[in-house]
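K.L.:
Got a structure here, written out as structure tokens. Questions coming.
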Amino acid sequence: MTFAWRTVGMNYLQYSSIAARALRRTAKPELQAEIAKRQGMGIKVAKWEAGKSGIPAQVSMIETRSVAEN
Amino acid sequence: MTVTVVASRFYASEATGAAAGKLVVNFALPHQSVMTSQEVNQVDLSAVSGDLGILADHVPTIEQLKPGVIDFISDSGSQKYFVSGGFAIMNPNSVLNINAIEAFKLEDIDAQAVATNLAESQRLASSAKDEITKEAAAIEIELYESLQSALLGKSK
């Protein structure tokens, strides 16, 4: 079974980030300061071939809100 | 290859964890350990393959979670968390490991924020030009709708 997000070219990292950020926005205001502290983590992926690493590339996140989340 | 199996015996009153017919739950987020070796009677969760009610001695399985409510039921009552997704891994020894990226108790969710964000995501879904943004909006809509019905269910 292929997920809809997979067929449009998204990977699991992007999918789970979209869901996580969506949920964070709905937490009560008093929790938002804590939440802000754990934002802004990215991930870099490097492809390895024949024992040599390729250039690490940042996995881009998909933005759904015009105000970029820090 | 030889496998040594050690059987242990103890008084029924001392039995803990799997021996007492309980699930032992480890529920972790990247930033926080919500539960560590917590004994519960039952865990209800929403997996991609369907809704599951897990008891002690459940058949081992790995399930991908949908955004939804995980309900931890113990003698003292039920505790509900809404998770953004993740995995539940049931082990043969009645240990249940749940990993999620984000999880909040239902009482920590702002219902108004859910309604506002749902409307925003619906707007995005209809105005988006590319498939990826459309799909991203669809993911958010599914999560917010699930969250809304979870919040409504709670107030019953």
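Within each chain, counting starts at residue 1; across the structure tokens, chains are named A, B, ... in the order shown, with ligands numbered 1 upward in that order.
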Residues of chain A were defined as contacting chain B if any atom lay at most 12 Å from it, counting only C-alpha atoms; please report them as a PyMOL selection string.
P.N.:
chain A and resi 1-32+34-35+37-39+41+61-66
K.L.:
Out of chain A, which residues get strand (DSSP E) from DSSP, as a list in words?
P.N.:
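Selecting the strand (DSSP E) positions of chain A gives Lys44, Val45, Trp48, Glu49, Lys52, Ser53, Ala57 and Gln58 of chain A.
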K.L.:
Any chance you can output those residues with N, CA, C and O atoms as a PDB file, in the first residue's frame?
P.N.:
ATOM      1  N   LYS A  44      20.463  16.449   7.424  1.00  0.00           N
ATOM      2  CA  LYS A  44      21.231  16.402   6.177  1.00  0.00           C
ATOM      3  C   LYS A  44      21.415  14.949   5.778  1.00  0.00           C
ATOM      4  O   LYS A  44      21.651  14.095   6.608  1.00  0.00           O
ATOM      5  N   VAL A  45      21.314  14.702   4.494  1.00  0.00           N
ATOM      6  CA  VAL A  45      21.472  13.350   3.979  1.00  0.00           C
ATOM      7  C   VAL A  45      22.611  13.330   2.981  1.00  0.00           C
ATOM      8  O   VAL A  45      22.702  14.198   2.110  1.00  0.00           O
ATOM      9  N   TRP A  48      26.105   7.597  -0.123  1.00  0.00           N
ATOM     10  CA  TRP A  48      27.412   6.941  -0.178  1.00  0.00           C
ATOM     11  C   TRP A  48      27.500   6.004  -1.361  1.00  0.00           C
ATOM     12  O   TRP A  48      26.607   5.224  -1.613  1.00  0.00           O
ATOM     13  N   GLU A  49      28.638   6.057  -2.079  1.00  0.00           N
ATOM     14  CA  GLU A  49      28.823   5.137  -3.186  1.00  0.00           C
ATOM     15  C   GLU A  49      30.263   4.679  -3.184  1.00  0.00           C
ATOM     16  O   GLU A  49      31.183   5.497  -3.137  1.00  0.00           O
ATOM     17  N   LYS A  52      32.621   6.129  -0.687  1.00  0.00           N
ATOM     18  CA  LYS A  52      32.829   7.582  -0.637  1.00  0.00           C
ATOM     19  C   LYS A  52      31.509   8.297  -0.431  1.00  0.00           C
ATOM     20  O   LYS A  52      30.492   7.954  -1.039  1.00  0.00           O
ATOM     21  N   SER A  53      31.584   9.291   0.409  1.00  0.00           N
ATOM     22  CA  SER A  53      30.364  10.029   0.706  1.00  0.00           C
ATOM     23  C   SER A  53      30.128  11.098  -0.343  1.00  0.00           C
ATOM     24  O   SER A  53      31.050  11.746  -0.811  1.00  0.00           O
ATOM     25  N   ALA A  57      23.249  16.915   1.743  1.00  0.00           N
ATOM     26  CA  ALA A  57      22.257  17.902   1.318  1.00  0.00           C
ATOM     27  C   ALA A  57      21.165  17.996   2.364  1.00  0.00           C
ATOM     28  O   ALA A  57      20.715  16.988   2.898  1.00  0.00           O
ATOM     29  N   GLN A  58      20.774  19.206   2.654  1.00  0.00           N
ATOM     30  CA  GLN A  58      19.717  19.427   3.636  1.00  0.00           C
ATOM     31  C   GLN A  58      18.394  18.920   3.076  1.00  0.00           C
ATOM     32  O   GLN A  58      18.048  19.217   1.939  1.00  0.00           O
TER      33      GLN A  58
END
K.L.:
Rounded to one decimal, what separation in Å do you get between CA of Ser94 in chain B and CA of Gly153 in chain B?
P.N.:
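Spanning CA of Ser94 in chain B to CA of Gly153 in chain B is a straight-line distance of 28.9 Å.
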K.L.:
Nearest to Ser37 in chain B: which of B:Leu52, B:Val24, B:Ala88, B:Leu151 is it, counting only C-alpha atoms?
P.N.:
B:Val24
K.L.:
For CA of Thr61 in chain B and CA of Asn91 in chain B, determine how far apart the two atoms are, in Å to one decimal place.
P.N.:
7.2 Å
K.L.:
Compile the contact shell of Asp71 in chain B as an MDAnalysis selection string: residues with an atom at most 9 Å away, counting only C-alpha atoms, same-chain residues fewer than 6 positions apart removed.
P.N.:
chainID B and resid 42:45 78:82
K.L.:
Go ahead and save the residues from that selection, with N, CA and C atoms, as a PDB file, in the first residue's frame.
P.N.:
ATOM      1  N   GLN B  42      -4.428  -1.675  29.164  1.00  0.00           N
ATOM      2  CA  GLN B  42      -4.763  -1.706  27.739  1.00  0.00           C
ATOM      3  C   GLN B  42      -4.351  -0.401  27.079  1.00  0.00           C
ATOM      4  N   VAL B  43      -3.954  -0.506  25.808  1.00  0.00           N
ATOM      5  CA  VAL B  43      -3.643   0.704  25.051  1.00  0.00           C
ATOM      6  C   VAL B  43      -4.454   0.670  23.758  1.00  0.00           C
ATOM      7  N   ASP B  44      -5.253   1.713  23.541  1.00  0.00           N
ATOM      8  CA  ASP B  44      -5.992   1.827  22.287  1.00  0.00           C
ATOM      9  C   ASP B  44      -5.262   2.815  21.396  1.00  0.00           C
ATOM     10  N   LEU B  45      -4.960   2.387  20.179  1.00  0.00           N
ATOM     11  CA  LEU B  45      -4.307   3.325  19.288  1.00  0.00           C
ATOM     12  C   LEU B  45      -4.813   3.182  17.860  1.00  0.00           C
ATOM     13  N   SER B  78      -8.341   6.314  32.419  1.00  0.00           N
ATOM     14  CA  SER B  78      -7.756   6.361  31.092  1.00  0.00           C
ATOM     15  C   SER B  78      -7.076   7.695  30.866  1.00  0.00           C
ATOM     16  N   GLN B  79      -5.946   7.644  30.190  1.00  0.00           N
ATOM     17  CA  GLN B  79      -5.211   8.866  29.881  1.00  0.00           C
ATOM     18  C   GLN B  79      -5.035   8.951  28.370  1.00  0.00           C
ATOM     19  N   LYS B  80      -5.461  10.064  27.800  1.00  0.00           N
ATOM     20  CA  LYS B  80      -5.432  10.183  26.341  1.00  0.00           C
ATOM     21  C   LYS B  80      -4.388  11.200  25.887  1.00  0.00           C
ATOM     22  N   TYR B  81      -3.637  10.810  24.865  1.00  0.00           N
ATOM     23  CA  TYR B  81      -2.707  11.720  24.216  1.00  0.00           C
ATOM     24  C   TYR B  81      -3.047  11.749  22.736  1.00  0.00           C
ATOM     25  N   PHE B  82      -2.921  12.937  22.130  1.00  0.00           N
ATOM     26  CA  PHE B  82      -3.059  13.003  20.681  1.00  0.00           C
ATOM     27  C   PHE B  82      -1.654  13.040  20.105  1.00  0.00           C
TER      28      PHE B  82
END
K.L.:
Report as an NGL selection string all protein, DNA and RNA residues lying within 12 Å of Asn97 in chain B, evaluated on only C-alpha atoms, omitting residues in the same chain fewer than 3 positions from it.
P.N.:
:B and (23-29 or 33-38 or 43 or 54 or 60-64 or 86-94 or 100)
K.L.:
Filtering to C-alpha atoms, could you give me those residues as an mmCIF file, in the first residue's frame?
P.N.:
data_model
loop_
_atom_site.group_PDB
_atom_site.id
_atom_site.type_symbol
_atom_site.label_atom_id
_atom_site.label_comp_id
_atom_site.auth_asym_id
_atom_site.auth_seq_id
_atom_site.Cartn_x
_atom_site.Cartn_y
_atom_site.Cartn_z
ATOM 1 C CA LEU B 23 1.388 -4.145 29.481
ATOM 2 C CA VAL B 24 4.662 -2.389 30.146
ATOM 3 C CA VAL B 25 4.687 0.811 28.143
ATOM 4 C CA ASN B 26 7.571 2.970 27.010
ATOM 5 C CA PHE B 27 6.233 6.092 25.336
ATOM 6 C CA ALA B 28 8.908 8.418 24.020
ATOM 7 C CA LEU B 29 9.129 11.601 22.010
ATOM 8 C CA SER B 33 10.144 10.438 27.758
ATOM 9 C CA VAL B 34 6.433 10.516 28.483
ATOM 10 C CA MET B 35 6.285 7.032 30.030
ATOM 11 C CA THR B 36 9.036 4.647 31.089
ATOM 12 C CA SER B 37 8.157 1.091 32.074
ATOM 13 C CA GLN B 38 4.651 2.161 32.935
ATOM 14 C CA VAL B 43 -3.643 0.704 25.051
ATOM 15 C CA ILE B 54 -3.553 -3.835 22.796
ATOM 16 C CA PRO B 60 4.220 -8.947 18.417
ATOM 17 C CA THR B 61 3.716 -6.349 15.725
ATOM 18 C CA ILE B 62 5.047 -3.092 14.387
ATOM 19 C CA GLU B 63 2.404 -0.543 13.528
ATOM 20 C CA GLN B 64 2.679 2.846 11.915
ATOM 21 C CA GLY B 86 4.946 7.541 14.840
ATOM 22 C CA PHE B 87 5.319 3.844 15.509
ATOM 23 C CA ALA B 88 4.114 1.317 18.047
ATOM 24 C CA ILE B 89 6.223 -1.778 18.549
ATOM 25 C CA MET B 90 4.726 -4.662 20.482
ATOM 26 C CA ASN B 91 7.313 -7.085 21.867
ATOM 27 C CA PRO B 92 6.833 -10.738 22.848
ATOM 28 C CA ASN B 93 7.331 -9.937 26.550
ATOM 29 C CA SER B 94 4.316 -7.592 26.776
ATOM 30 C CA ALA B 100 5.947 9.662 18.327
#
K.L.:
CA of Glu39 in chain B to CA of Leu96 in chain B: how many Å, to one decimal?
P.N.:
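Interatomic distance, CA of Glu39 in chain B to CA of Leu96 in chain B: 10.0 Å.
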K.L.:
Can you pull out every residue from range 8-122 of chain B that DSSP, working from the backbone, puts in helix (DSSP H, G or I), and format the result as a ChimeraX atom specification?
P.N.:
/B:12-14,17-20,106-108,111-122
K.L.:
Those selected residues, please, written with C-alpha atoms and delivered as a PDB file, in the first residue's frame.
P.N.:
ATOM      1  CA  ALA B  12       1.554 -13.883  42.769  1.00  0.00           C
ATOM      2  CA  SER B  13       1.570 -10.767  44.928  1.00  0.00           C
ATOM      3  CA  GLU B  14       5.080  -9.908  43.743  1.00  0.00           C
ATOM      4  CA  GLY B  17       4.637  -6.302  34.456  1.00  0.00           C
ATOM      5  CA  ALA B  18       3.881  -9.074  32.038  1.00  0.00           C
ATOM      6  CA  ALA B  19       3.556 -11.636  34.835  1.00  0.00           C
ATOM      7  CA  ALA B  20       0.699  -9.653  36.337  1.00  0.00           C
ATOM      8  CA  LEU B 106      -6.151  16.484  25.030  1.00  0.00           C
ATOM      9  CA  GLU B 107      -6.491  19.085  27.804  1.00  0.00           C
ATOM     10  CA  ASP B 108      -3.346  20.827  26.498  1.00  0.00           C
ATOM     11  CA  ALA B 111      -9.784  24.044  20.452  1.00  0.00           C
ATOM     12  CA  GLN B 112      -9.947  27.487  18.894  1.00  0.00           C
ATOM     13  CA  ALA B 113      -6.470  27.075  17.439  1.00  0.00           C
ATOM     14  CA  VAL B 114      -7.597  23.782  15.886  1.00  0.00           C
ATOM     15  CA  ALA B 115     -10.586  25.434  14.193  1.00  0.00           C
ATOM     16  CA  THR B 116      -8.487  28.354  12.947  1.00  0.00           C
ATOM     17  CA  ASN B 117      -5.737  26.098  11.604  1.00  0.00           C
ATOM     18  CA  LEU B 118      -8.227  23.750   9.970  1.00  0.00           C
ATOM     19  CA  ALA B 119      -9.737  26.666   8.063  1.00  0.00           C
ATOM     20  CA  GLU B 120      -6.244  27.867   7.096  1.00  0.00           C
ATOM     21  CA  SER B 121      -5.271  24.418   5.798  1.00  0.00           C
ATOM     22  CA  GLN B 122      -8.519  24.126   3.841  1.00  0.00           C
TER      23      GLN B 122
END
K.L.:
Given the choices B:Ser149, B:Thr4, B:Asn41, B:Ser46, which gets closest to Ile70 in chain B if the distance is worked out from only C-alpha atoms?
P.N.:
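Among B:Ser149, B:Thr4, B:Asn41, B:Ser46, it is B:Ser46 that comes nearest to Ile70 in chain B.
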